[in-house]
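See below for target_30.txt, which holds compact mmCIF, C-alpha atoms and all ligand atoms.
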```
# COMPACT_ATOMS: atom_id res chain seq x y z
CA MET A 1 0.00 0.00 0.00
CA LYS A 2 1.29 3.47 -0.91
CA GLN A 3 2.42 5.47 2.10
CA PHE A 4 3.56 9.10 2.39
CA THR A 5 6.02 10.03 5.12
CA LYS A 6 6.95 13.73 4.87
CA SER A 7 5.59 16.44 7.18
CA PHE A 8 2.78 18.74 6.03
CA THR A 9 4.05 21.48 8.33
CA GLN A 10 7.68 21.52 7.17
CA GLN A 11 8.52 24.67 5.22
CA GLU A 12 11.78 25.28 3.40
CA SER A 13 14.70 26.80 5.25
CA ILE A 14 15.33 30.55 5.10
CA PRO A 15 17.61 31.44 2.14
CA ASP A 16 21.27 31.75 3.11
CA THR A 17 21.32 35.43 2.18
CA GLY A 18 18.49 35.98 4.68
CA ILE A 19 20.30 34.06 7.40
CA GLU A 20 23.44 36.12 6.79
CA ALA A 21 21.49 39.39 6.86
CA ALA A 22 19.79 38.32 10.10
CA VAL A 23 23.15 37.52 11.69
CA GLU A 24 24.38 40.96 10.61
CA VAL A 25 21.38 42.60 12.32
CA MET A 26 22.09 40.64 15.49
CA ARG A 27 25.77 41.62 15.42
CA SER A 28 24.75 45.28 15.10
CA GLY A 29 22.45 45.05 18.11
CA ARG A 30 20.02 47.36 16.27
CA LEU A 31 16.95 45.15 16.03
CA HIS A 32 14.34 47.84 16.60
CA ARG A 33 13.14 49.38 13.35
CA TYR A 34 13.83 52.95 14.47
CA ASN A 35 17.25 52.14 15.93
CA THR A 36 19.18 53.43 12.91
CA LEU A 37 22.45 55.29 12.32
CA PRO A 38 22.13 58.79 10.78
CA ASP A 39 20.95 58.43 7.15
CA GLU A 40 20.66 54.67 7.50
CA LYS A 41 17.60 52.83 6.25
CA SER A 42 16.80 49.86 8.46
CA GLU A 43 16.01 46.40 7.11
CA THR A 44 12.36 47.17 7.92
CA ASP A 45 12.48 50.41 5.90
CA LEU A 46 14.03 48.61 2.95
CA LEU A 47 11.51 45.79 3.16
CA GLU A 48 8.63 48.29 3.08
CA LEU A 49 10.10 50.08 0.08
CA GLU A 50 10.61 46.80 -1.74
CA PHE A 51 7.13 45.55 -0.91
CA ALA A 52 5.52 48.82 -2.07
CA GLU A 53 7.49 48.57 -5.30
CA TYR A 54 6.57 44.91 -5.77
CA MET A 55 2.89 45.74 -5.29
CA GLY A 56 3.06 48.92 -7.35
CA VAL A 57 1.52 51.01 -4.55
CA PRO A 58 2.82 54.20 -2.91
CA TYR A 59 2.57 53.11 0.73
CA ALA A 60 3.43 49.98 2.69
CA LEU A 61 3.69 49.27 6.40
CA ALA A 62 5.32 46.15 7.82
CA CYS A 63 3.85 45.00 11.13
CA SER A 64 3.69 42.20 13.65
CA SER A 65 1.12 39.87 12.05
CA GLY A 66 -1.52 39.55 9.37
CA GLY A 67 -4.29 39.66 11.95
CA TYR A 68 -2.77 42.83 13.38
CA ALA A 69 -2.73 44.40 9.89
CA LEU A 70 -6.43 43.59 9.52
CA HIS A 71 -7.24 45.19 12.86
CA VAL A 72 -5.23 48.32 12.10
CA ALA A 73 -6.81 48.47 8.64
CA MET A 74 -10.24 48.65 10.28
CA ARG A 75 -9.13 51.35 12.69
CA ALA A 76 -7.27 53.39 10.07
CA ALA A 77 -10.33 53.20 7.83
CA GLY A 78 -12.34 54.88 10.58
CA VAL A 79 -14.45 51.91 11.70
CA GLU A 80 -16.28 52.76 14.90
CA ALA A 81 -17.83 50.63 17.61
CA GLY A 82 -21.00 48.97 16.38
CA ASP A 83 -20.29 49.53 12.67
CA LYS A 84 -21.18 46.63 10.43
CA VAL A 85 -18.49 44.98 8.35
CA LEU A 86 -19.38 42.55 5.56
CA CYS A 87 -17.09 39.53 5.65
CA ASN A 88 -16.83 35.98 4.28
CA ALA A 89 -18.39 33.28 6.45
CA PHE A 90 -15.75 30.94 5.01
CA THR A 91 -12.50 32.38 6.29
CA LEU A 92 -9.97 31.87 9.06
CA ALA A 93 -10.64 32.95 12.63
CA PRO A 94 -8.32 36.04 12.63
CA VAL A 95 -10.64 37.77 10.15
CA PRO A 96 -13.82 38.00 12.26
CA GLY A 97 -11.45 38.40 15.21
CA ALA A 98 -9.93 41.56 13.70
CA ILE A 99 -13.40 42.98 13.10
CA HIS A 100 -14.38 42.23 16.69
CA ASN A 101 -11.11 43.76 17.92
CA SER A 102 -12.07 47.05 16.32
CA GLY A 103 -15.46 47.04 18.04
CA ALA A 104 -17.32 46.37 14.82
CA VAL A 105 -19.84 43.63 14.04
CA PRO A 106 -19.22 41.08 11.27
CA VAL A 107 -22.05 40.52 8.78
CA LEU A 108 -21.27 37.06 7.43
CA ILE A 109 -21.68 36.35 3.73
CA ASP A 110 -22.25 32.87 2.27
CA VAL A 111 -19.58 30.90 0.47
CA ALA A 112 -20.27 29.95 -3.18
CA GLU A 113 -19.63 26.65 -4.98
CA ASP A 114 -16.26 27.97 -6.20
CA TYR A 115 -15.21 28.58 -2.52
CA CYS A 116 -15.27 32.37 -3.07
CA ILE A 117 -17.64 34.80 -1.41
CA ASP A 118 -21.19 34.42 -2.77
CA LEU A 119 -21.68 37.55 -4.85
CA ASP A 120 -25.47 37.44 -4.80
CA ASP A 121 -25.54 37.13 -1.02
CA LEU A 122 -22.95 39.92 -0.79
CA GLU A 123 -25.06 42.21 -2.90
CA GLN A 124 -28.20 41.44 -0.97
CA LYS A 125 -26.57 41.91 2.45
CA ALA A 126 -24.75 45.08 1.36
CA GLU A 127 -28.18 46.48 0.53
CA ALA A 128 -30.01 45.14 3.60
CA SER A 129 -27.34 45.89 6.24
CA GLY A 130 -26.30 49.36 5.11
CA ALA A 131 -22.70 48.36 5.96
CA LYS A 132 -20.01 50.72 4.68
CA TYR A 133 -17.11 48.26 4.87
CA LEU A 134 -16.27 44.99 3.16
CA MET A 135 -13.47 42.84 4.50
CA LEU A 136 -12.91 40.45 1.62
CA SER A 137 -10.92 37.34 2.38
CA HIS A 138 -9.33 35.76 -0.67
CA MET A 139 -9.71 32.61 1.36
CA ARG A 140 -7.20 29.83 0.63
CA GLY A 141 -6.10 31.81 -2.42
CA HIS A 142 -9.44 31.80 -4.29
CA LEU A 143 -10.11 35.11 -6.03
CA ALA A 144 -13.75 36.00 -6.55
CA ASP A 145 -14.77 37.80 -9.75
CA MET A 146 -13.00 41.06 -8.89
CA ASP A 147 -14.81 43.00 -11.60
CA ARG A 148 -18.13 42.21 -9.99
CA ILE A 149 -16.74 42.83 -6.49
CA MET A 150 -15.64 46.31 -7.57
CA ALA A 151 -19.01 47.01 -9.17
CA ILE A 152 -20.74 46.04 -5.90
CA CYS A 153 -18.34 48.20 -3.88
CA GLU A 154 -19.10 51.12 -6.14
CA ARG A 155 -22.85 50.61 -6.07
CA TYR A 156 -23.02 50.46 -2.26
CA ASN A 157 -20.10 52.79 -1.60
CA LEU A 158 -18.18 50.12 0.31
CA PHE A 159 -14.69 50.70 1.67
CA LEU A 160 -12.86 47.54 0.60
CA ILE A 161 -10.22 45.87 2.76
CA GLU A 162 -8.62 42.89 1.01
CA ASP A 163 -7.34 40.05 3.15
CA CYS A 164 -4.49 38.79 0.97
CA ALA A 165 -3.05 36.29 3.46
CA HIS A 166 -3.22 33.65 0.70
CA THR A 167 -2.88 35.82 -2.40
CA MET A 168 0.54 37.43 -2.08
CA GLY A 169 1.79 37.01 -5.67
CA ALA A 170 -1.67 36.41 -7.17
CA SER A 171 -3.53 38.58 -9.68
CA TRP A 172 -6.86 39.00 -11.46
CA ASN A 173 -6.69 39.91 -15.16
CA GLY A 174 -3.06 40.90 -14.65
CA LYS A 175 -3.81 43.27 -11.75
CA LYS A 176 -2.27 42.27 -8.43
CA SER A 177 -4.48 41.00 -5.64
CA GLY A 178 -4.33 43.71 -3.01
CA THR A 179 -4.45 46.60 -5.49
CA PHE A 180 -8.23 46.48 -5.99
CA GLY A 181 -9.32 47.58 -2.55
CA ASP A 182 -8.76 50.67 -0.45
CA VAL A 183 -6.47 48.75 1.88
CA ALA A 184 -4.82 45.33 1.59
CA CYS A 185 -3.40 43.15 4.36
CA PHE A 186 -0.84 40.36 4.07
CA SER A 187 0.67 37.83 6.45
CA THR A 188 4.26 36.62 6.61
CA GLN A 189 3.48 33.95 9.17
CA THR A 190 5.18 30.59 8.58
CA TYR A 191 2.35 29.02 6.55
CA LYS A 192 1.93 31.91 4.10
CA HIS A 193 3.98 32.81 1.01
CA ILE A 194 7.00 34.34 2.69
CA ASN A 195 8.03 33.24 6.17
CA SER A 196 9.24 35.26 9.13
CA GLY A 197 7.48 33.18 11.78
CA GLU A 198 5.14 36.09 12.48
CA GLY A 199 4.63 39.29 10.50
CA GLY A 200 2.40 41.16 8.11
CA PHE A 201 1.94 44.10 5.75
CA LEU A 202 -0.66 46.74 5.20
CA THR A 203 -0.74 48.62 1.89
CA THR A 204 -2.95 51.44 0.65
CA ARG A 205 -3.00 54.28 -1.83
CA HIS A 206 -4.78 56.65 0.59
CA PRO A 207 -2.28 58.98 2.34
CA GLU A 208 -4.41 59.61 5.40
CA VAL A 209 -5.23 55.94 5.91
CA MET A 210 -1.51 55.11 5.80
CA ALA A 211 -0.62 57.95 8.17
CA ARG A 212 -3.12 56.56 10.69
CA ALA A 213 -1.92 52.99 10.18
CA ILE A 214 1.69 54.04 10.83
CA MET A 215 0.68 55.91 14.00
CA HIS A 216 -1.43 52.97 15.17
CA SER A 217 1.42 50.52 14.53
CA GLY A 218 3.48 52.15 17.23
CA SER A 219 5.65 54.74 15.48
CA TYR A 220 5.68 57.04 18.52
CA MET A 221 6.45 60.35 16.79
CA LEU A 222 9.05 58.81 14.50
CA PHE A 223 6.74 58.71 11.48
CA GLU A 224 9.22 60.76 9.46
CA ARG A 225 11.43 57.67 9.47
CA HIS A 226 9.00 55.83 7.22
CA PHE A 227 9.87 55.95 3.52
CA ALA A 228 7.01 54.04 1.87
CA ALA A 229 4.79 56.64 3.54
CA PRO A 230 2.99 59.93 2.86
CA PRO A 231 4.74 63.26 3.57
CA LYS A 232 4.90 64.51 7.16
CA GLU A 233 2.18 67.14 6.65
CA VAL A 234 -0.37 64.34 6.47
CA PHE A 235 0.64 63.21 9.97
CA GLU A 236 0.12 66.70 11.39
CA GLN A 237 -3.62 66.30 10.94
CA ILE A 238 -3.87 62.98 12.76
CA ARG A 239 -0.97 62.68 15.20
CA TYR A 240 -2.91 63.70 18.32
CA GLU A 241 -6.03 61.69 17.68
CA THR A 242 -4.53 58.35 16.60
CA PRO A 243 -3.81 55.85 19.40
CA ASN A 244 -0.64 53.75 19.50
CA TYR A 245 -1.52 50.04 19.24
CA SER A 246 2.09 48.80 19.20
CA GLY A 247 2.59 46.05 16.63
CA ARG A 248 5.78 46.83 14.72
CA MET A 249 7.96 44.72 12.46
CA ASP A 250 11.57 44.33 13.62
CA ASN A 251 14.79 44.28 11.63
CA LEU A 252 15.52 40.63 12.23
CA ARG A 253 12.33 39.47 10.59
CA ALA A 254 12.61 42.08 7.84
CA ALA A 255 16.11 40.81 7.05
CA ILE A 256 14.89 37.26 6.44
CA LEU A 257 11.87 38.44 4.42
CA ARG A 258 13.75 40.58 1.87
CA PRO A 259 15.41 37.72 -0.06
CA GLN A 260 12.17 35.73 0.09
CA LEU A 261 10.25 38.61 -1.46
CA ALA A 262 12.85 38.83 -4.22
CA ASP A 263 12.26 35.13 -4.92
CA LEU A 264 8.47 35.13 -4.60
CA GLU A 265 7.60 34.72 -8.28
CA THR A 266 9.72 31.58 -8.57
CA GLN A 267 8.15 30.13 -5.44
CA CYS A 268 4.65 30.84 -6.79
CA GLU A 269 5.44 28.86 -9.94
CA ARG A 270 6.70 25.97 -7.83
CA TRP A 271 3.46 25.91 -5.80
CA ASN A 272 1.36 25.99 -8.92
CA SER A 273 3.18 23.14 -10.67
CA ARG A 274 2.49 21.02 -7.58
CA TYR A 275 -1.15 22.09 -7.54
CA ARG A 276 -1.64 21.16 -11.22
CA ILE A 277 -0.36 17.64 -10.56
CA LEU A 278 -2.86 17.15 -7.73
CA GLU A 279 -5.68 18.79 -9.69
CA THR A 280 -5.10 16.51 -12.69
CA LEU A 281 -5.23 13.41 -10.49
CA PHE A 282 -8.35 14.61 -8.65
CA ASN A 283 -10.10 15.28 -11.94
CA GLN A 284 -9.67 11.60 -12.80
CA SER A 285 -11.93 10.63 -9.89
CA SER A 286 -15.64 11.19 -10.42
CA ALA A 287 -16.13 11.38 -6.64
CA ILE A 288 -13.92 14.45 -6.32
CA ASN A 289 -15.05 17.90 -7.37
CA ILE A 290 -12.39 20.53 -7.82
CA PRO A 291 -13.79 23.78 -9.21
CA ALA A 292 -12.16 24.97 -12.44
CA ARG A 293 -10.24 28.21 -11.91
CA PRO A 294 -11.25 31.15 -14.12
CA ASP A 295 -8.82 32.28 -16.84
CA ALA A 296 -8.67 35.74 -15.26
CA GLU A 297 -7.35 34.28 -12.01
CA HIS A 298 -3.61 33.91 -11.57
CA PHE A 299 -3.53 32.13 -8.22
CA VAL A 300 -0.81 30.94 -5.87
CA ALA A 301 -1.62 27.46 -4.65
CA SER A 302 0.11 27.06 -1.33
CA SER A 303 -2.82 24.78 -0.49
CA ILE A 304 -5.51 22.86 -2.36
CA GLN A 305 -9.25 22.57 -1.73
CA PHE A 306 -11.68 19.99 -3.10
CA SER A 307 -15.14 18.66 -2.36
CA LEU A 308 -16.63 15.19 -2.08
CA PRO A 309 -20.24 15.95 -3.02
CA GLY A 310 -22.69 13.43 -1.70
CA PHE A 311 -20.43 12.24 1.11
CA THR A 312 -21.97 12.24 4.58
CA ALA A 313 -20.16 13.68 7.59
CA ASP A 314 -19.22 10.17 8.69
CA GLU A 315 -17.86 9.32 5.25
CA ILE A 316 -15.79 12.53 5.15
CA GLN A 317 -14.39 11.76 8.59
CA ASP A 318 -13.49 8.30 7.37
CA VAL A 319 -11.66 9.72 4.34
CA VAL A 320 -9.70 12.10 6.59
CA LYS A 321 -8.84 9.23 8.93
CA ARG A 322 -7.78 6.77 6.22
CA CYS A 323 -5.69 9.41 4.40
CA GLY A 324 -4.09 10.26 7.75
CA GLU A 325 -3.16 6.61 8.30
CA ARG A 326 -1.31 6.74 5.01
CA GLY A 327 0.51 9.96 5.93
CA VAL A 328 -1.71 12.41 4.03
CA ILE A 329 -3.05 15.16 6.27
CA LEU A 330 -6.40 16.61 5.18
CA LYS A 331 -8.40 19.29 6.99
CA TRP A 332 -12.18 19.42 6.94
CA PHE A 333 -13.95 22.78 7.03
CA GLY A 334 -17.33 21.24 7.81
CA ASP A 335 -16.55 19.86 11.25
CA ASP A 336 -18.84 20.93 14.13
CA ILE A 337 -15.77 21.14 16.32
CA PRO A 338 -13.10 23.68 15.35
CA ARG A 339 -9.73 21.93 14.94
CA ASP A 340 -6.31 23.31 13.99
CA TYR A 341 -6.75 26.13 11.45
CA THR A 342 -10.25 25.11 10.44
CA SER A 343 -13.20 26.62 12.22
CA ARG A 344 -16.73 26.93 10.91
CA TYR A 345 -18.41 30.33 11.27
CA ASP A 346 -20.84 29.13 13.94
CA SER A 347 -17.97 28.45 16.33
CA TRP A 348 -17.26 32.21 16.54
CA ARG A 349 -19.90 32.52 19.20
CA TYR A 350 -18.93 36.05 20.23
CA ILE A 351 -20.65 37.33 17.09
CA GLU A 352 -23.96 38.91 17.99
CA ASP A 353 -27.06 37.84 16.09
CA MET A 354 -25.28 34.89 14.53
CA PRO A 355 -27.09 34.14 11.27
CA GLN A 356 -27.99 30.68 10.02
CA LEU A 357 -26.18 30.04 6.77
CA PRO A 358 -27.48 26.71 5.45
CA LYS A 359 -25.86 27.19 2.05
CA THR A 360 -22.43 27.74 3.62
CA GLU A 361 -22.91 24.77 5.92
CA LYS A 362 -23.82 22.58 2.97
CA ILE A 363 -20.76 23.58 0.94
CA LEU A 364 -18.39 23.33 3.90
CA SER A 365 -19.82 19.94 4.88
CA THR A 366 -17.91 18.27 2.02
CA LEU A 367 -14.97 20.69 1.66
CA LEU A 368 -11.49 19.35 2.31
CA ASP A 369 -8.21 21.23 2.42
CA MET A 370 -4.57 20.26 2.19
CA ARG A 371 -1.40 22.28 2.58
CA ILE A 372 1.26 22.03 -0.14
CA PRO A 373 4.59 22.91 1.48
CA LEU A 374 7.43 23.45 -0.98
CA THR A 375 9.46 20.74 0.76
CA PHE A 376 7.22 18.34 -1.22
CA SER A 377 8.61 17.43 -4.63
CA GLU A 378 6.42 17.02 -7.71
CA ASP A 379 6.78 13.24 -7.29
CA ASP A 380 5.58 13.59 -3.71
CA CYS A 381 2.48 15.36 -5.03
CA THR A 382 1.81 12.53 -7.49
CA LEU A 383 2.02 10.03 -4.62
CA ILE A 384 -0.24 12.14 -2.38
CA GLY A 385 -2.80 12.57 -5.15
CA GLU A 386 -2.82 8.83 -5.85
CA ILE A 387 -3.35 8.03 -2.19
CA ILE A 388 -6.26 10.48 -1.90
CA VAL A 389 -7.92 9.13 -5.06
CA GLU A 390 -7.50 5.54 -3.85
CA VAL A 391 -9.01 6.34 -0.46
CA VAL A 392 -11.90 8.35 -1.91
CA ASN A 393 -12.70 5.71 -4.51
CA GLY A 394 -12.75 3.26 -1.60
C1 LIG B 1 -3.22 33.61 8.25
C2 LIG B 1 -4.40 34.38 7.91
C3 LIG B 1 -4.65 35.63 8.46
C4 LIG B 1 -3.87 36.26 9.57
O1 LIG B 1 -2.53 36.12 9.55
P1 LIG B 1 -1.65 35.99 10.90
O2 LIG B 1 -0.35 36.52 10.42
O3 LIG B 1 -1.63 34.56 11.28
O4 LIG B 1 -2.28 36.86 11.95
C5 LIG B 1 -5.76 36.32 8.00
N1 LIG B 1 -6.57 35.81 7.08
C6 LIG B 1 -6.39 34.60 6.56
C7 LIG B 1 -7.36 34.10 5.54
C8 LIG B 1 -5.31 33.84 6.96
O5 LIG B 1 -5.14 32.63 6.44
```
Please go through the file and, once you have read it, give me the structure as structure tokens.
Ligand SMILES: *Cc1c(COP(=O)(O)O)cnc(C)c1O
Amino acid sequence: MKQFTKSFTQQESIPDTGIEAAVEVMRSGRLHRYNTLPDEKSETDLLELEFAEYMGVPYALACSSGGYALHVAMRAAGVEAGDKVLCNAFTLAPVPGAIHNSGAVPVLIDVAEDYCIDLDDLEQKAEASGAKYLMLSHMRGHLADMDRIMAICERYNLFLIEDCAHTMGASWNGKKSGTFGDVACFSTQTYKHINSGEGGFLTTRHPEVMARAIMHSGSYMLFERHFAAPPKEVFEQIRYETPNYSGRMDNLRAAILRPQLADLETQCERWNSRYRILETLFNQSSAINIPARPDAEHFVASSIQFSLPGFTADEIQDVVKRCGERGVILKWFGDDIPRDYTSRYDSWRYIEDMPQLPKTEKILSTLLDMRIPLTFSEDDCTLIGEIIVEVVNG
């Protein structure tokens, strides 16, 4: 019987140039982002400039985590206590958590058959709720029809925050994910596309939003030492009224991220070649449904999702168990009990007036997920795909 033995949580090592740069930072003793010599740009400053350039946006802020970036995005956008924020019901826990952290109330939107936000439900709830904000999670790297998203945002005058935790490097019709909305947030946590253990970015084209985000992130009054930032006049208007919610990036993590950012495109191609191998194998099983990806979507497949339509909860659990026995670790988004990184919306019980979302529950009830770390070779992916197909076909 085929057996897989590698770890699904083993990422690649940090590139040697990153390790050397990190050692240099440690030798200098100047780990804090504002601890610079006269006229020196810190590793954090350089990382922000490089990320802004990569994204093609004027402003970028590096910070302590992706979830932190989402929280600060809400605050910098002017969200106030009790405001409603439209948000995917199918997302990871830090997303509704960031909304809650800003005092706002998530309005959960159904998931669609393609695992993206359900655009009809979005439109209907944008109208019915009167919400002024949309926090759009490109969950597990699936990009919804961004043309229609933008039309909806325009129609209902929604301030769009993109959660790009899984779409760093992705694009829609050639336009980078994260450049559609008013603000975009990224994560550099170990399981995302570049790895500093913890970390994140916030980008925007709005000067005042970035000035607030920088103040919130814990810049004290050192905002002039940001380079991917608006001019200091913009800070004059907001410096007294913007609280410090310390959550900075440090030079050690910035040092290991810079070479990874430079290499991102290559890594994205490597993820996608692995994904295509799995997708091809899954498509050979009539029991497995893997939604076709639209031509407009250039995705980055650091994980793969598929459904087993018609399988009961017990049957899904059995598939997960039997794959696990053969070394293939699947996650199930339909479980009543939140486990690991999967949690269904109804386990976020702090949300007031929790809606019933039968459509979401139905889709999640057969939705499985698997990480694709780049320590897996293409041959490994063939083996994994064969094991999954064998188990599913019973
Ligand atoms: C990981 C993740 C986040 C938050 O990132 P952290 O850096 O772990 O705080 C937000 N949204 C989604 C969809 C994620 O997967």
Each residue of chain A lying at most 10 Å from ligand LIG 1 (chain B) should get a row with its shortest atom-to-atom pair and the distance in Å to one decimal, counting all atoms listed in the file; could you produce that, ordered by chain and increasing number, as CSV?
```
residue,atom,partner,partner_atom,distance
A:Cys63,CA,B:LIG1,O2,9.5
A:Ser64,CA,B:LIG1,O2,7.7
A:Ser65,CA,B:LIG1,O2,4.0
A:Gly66,CA,B:LIG1,O2,3.4
A:Gly67,CA,B:LIG1,O4,3.4
A:Tyr68,CA,B:LIG1,O4,6.2
A:Ala69,CA,B:LIG1,O4,7.8
A:Leu70,CA,B:LIG1,C5,7.5
A:His71,CA,B:LIG1,O4,9.7
A:Asn88,CA,B:LIG1,C7,9.7
A:Phe90,CA,B:LIG1,C7,9.0
A:Thr91,CA,B:LIG1,C7,5.5
A:Leu92,CA,B:LIG1,C7,4.9
A:Ala93,CA,B:LIG1,N1,7.5
A:Pro94,CA,B:LIG1,C5,5.3
A:Val95,CA,B:LIG1,N1,5.5
A:Pro96,CA,B:LIG1,N1,9.2
A:Gly97,CA,B:LIG1,C5,9.4
A:Ala98,CA,B:LIG1,C5,8.8
A:Leu136,CA,B:LIG1,C7,9.3
A:Ser137,CA,B:LIG1,C7,5.8
A:His138,CA,B:LIG1,C7,6.7
A:Met139,CA,B:LIG1,C7,5.0
A:Arg140,CA,B:LIG1,C7,6.5
A:Gly141,CA,B:LIG1,C7,8.4
A:Glu162,CA,B:LIG1,N1,9.5
A:Asp163,CA,B:LIG1,N1,5.8
A:Cys164,CA,B:LIG1,N1,7.1
A:Ala165,CA,B:LIG1,C8,4.8
A:His166,CA,B:LIG1,O5,6.1
A:Thr167,CA,B:LIG1,C7,9.3
A:Cys185,CA,B:LIG1,C5,8.1
A:Phe186,CA,B:LIG1,O1,7.1
A:Ser187,CA,B:LIG1,O2,4.3
A:Thr188,CA,B:LIG1,O2,6.0
A:Gln189,CA,B:LIG1,O2,4.8
A:Thr190,CA,B:LIG1,O2,8.3
A:Tyr191,CA,B:LIG1,C1,7.4
A:Lys192,CA,B:LIG1,C1,6.8
A:Asn195,CA,B:LIG1,O2,10.0
A:Ser196,CA,B:LIG1,O2,9.8
A:Gly197,CA,B:LIG1,O2,8.6
A:Glu198,CA,B:LIG1,O2,5.9
A:Gly199,CA,B:LIG1,O2,5.7
A:Gly200,CA,B:LIG1,O2,5.9
A:Phe201,CA,B:LIG1,O2,9.2
A:Tyr341,CA,B:LIG1,O5,8.4
A:Thr342,CA,B:LIG1,O5,9.9
```
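The closest residue to Ile149 of chain A, picked from A:Phe51, A:His206, A:Glu80, A:Asp118 and counting only C-alpha atoms, is A:Asp118.
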Leaving out Glu48 of chain A and any residue of its chain fewer than 5 positions from it, which residues lie within 7 Å of it when counting all atoms listed in the file, given as an MDAnalysis selection string?
chainID A and resid 60:62 228
Restrict the selected residues to C-alpha atoms and save them as a tab-separated table (two decimals), in the frame of the given file.
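Once written, selection01.tsv looks like this:
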```tsv
chain	number	residue	atom	x	y	z
A	60	ALA	CA	3.43	49.98	2.69
A	61	LEU	CA	3.69	49.27	6.40
A	62	ALA	CA	5.32	46.15	7.82
A	228	ALA	CA	7.01	54.04	1.87
```
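Between atom CA of Ile337 of chain A and atom CA of Tyr350 of chain A the separation is 15.7 Å.
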Do you know which residues are at most 12 Å from Glu361 of chain A counting all atoms listed in the file, after dropping those on the same chain fewer than 6 positions away, and could you put them as a ChimeraX atom specification?
/A:89-90,109-113,313,333-336,343-346,355,367
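Shortest separation to Arg248 of chain A among A:Ala144, A:Cys87, A:Ile351, A:Val72 occurs at residue A:Val72, atoms counted being only C-alpha atoms.
The gap separating atom CA of Ile214 of chain A from atom CA of Lys175 of chain A is 25.6 Å, in Å to one decimal.
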By how many Å are atom CA of Ser219 of chain A and atom CA of Val25 of chain A apart?
20.1 Å
Tell me which protein, DNA and RNA residues are within 9 Å of Trp271 of chain A, counting all atoms listed in the file, leaving out same-chain ones fewer than 5 positions away, and put them as an NGL selection string.
:A and (266 or 276 or 300-303 or 372-374)
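Using all atoms listed in the file, the shortest contact distance between Tyr34 of chain A and any of A:His298, A:His226, A:Arg75, A:His216 is found at A:His226.
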Go through A:Asp147, A:Arg349, A:Trp332, A:Leu278 and flag the residue nearest Asp379 of chain A, using all atoms listed in the file for the distances.
A:Leu278
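Between Ala126 of chain A and the candidates A:Lys84, A:Asp114, A:Arg148, A:Thr360, the tightest atom-to-atom separation, counting only C-alpha atoms, involves A:Lys84.
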Of A:Glu43, A:Glu236, A:Asp340, A:Glu297, the one nearest to Ala255 of chain A when counting all atoms listed in the file is A:Glu43
So that I can check the surroundings of Glu241 of chain A, please list as an mmCIF file with C-alpha atoms, in the coordinates of the input every protein, DNA and RNA residue that reaches within 12 Å of it, counting all atoms listed in the file and ignoring chain neighbours fewer than 4 positions away.
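The file below, around-v5.cif, is the result:
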```cif
data_model
loop_
_atom_site.group_PDB
_atom_site.id
_atom_site.type_symbol
_atom_site.label_atom_id
_atom_site.label_comp_id
_atom_site.auth_asym_id
_atom_site.auth_seq_id
_atom_site.Cartn_x
_atom_site.Cartn_y
_atom_site.Cartn_z
ATOM 1 C CA ARG A 75 -9.130 51.350 12.690
ATOM 2 C CA ALA A 76 -7.270 53.390 10.070
ATOM 3 C CA GLY A 78 -12.340 54.880 10.580
ATOM 4 C CA ALA A 211 -0.620 57.950 8.170
ATOM 5 C CA ARG A 212 -3.120 56.560 10.690
ATOM 6 C CA MET A 215 0.680 55.910 14.000
ATOM 7 C CA HIS A 216 -1.430 52.970 15.170
ATOM 8 C CA PHE A 235 0.640 63.210 9.970
ATOM 9 C CA GLU A 236 0.120 66.700 11.390
ATOM 10 C CA GLN A 237 -3.620 66.300 10.940
#
```
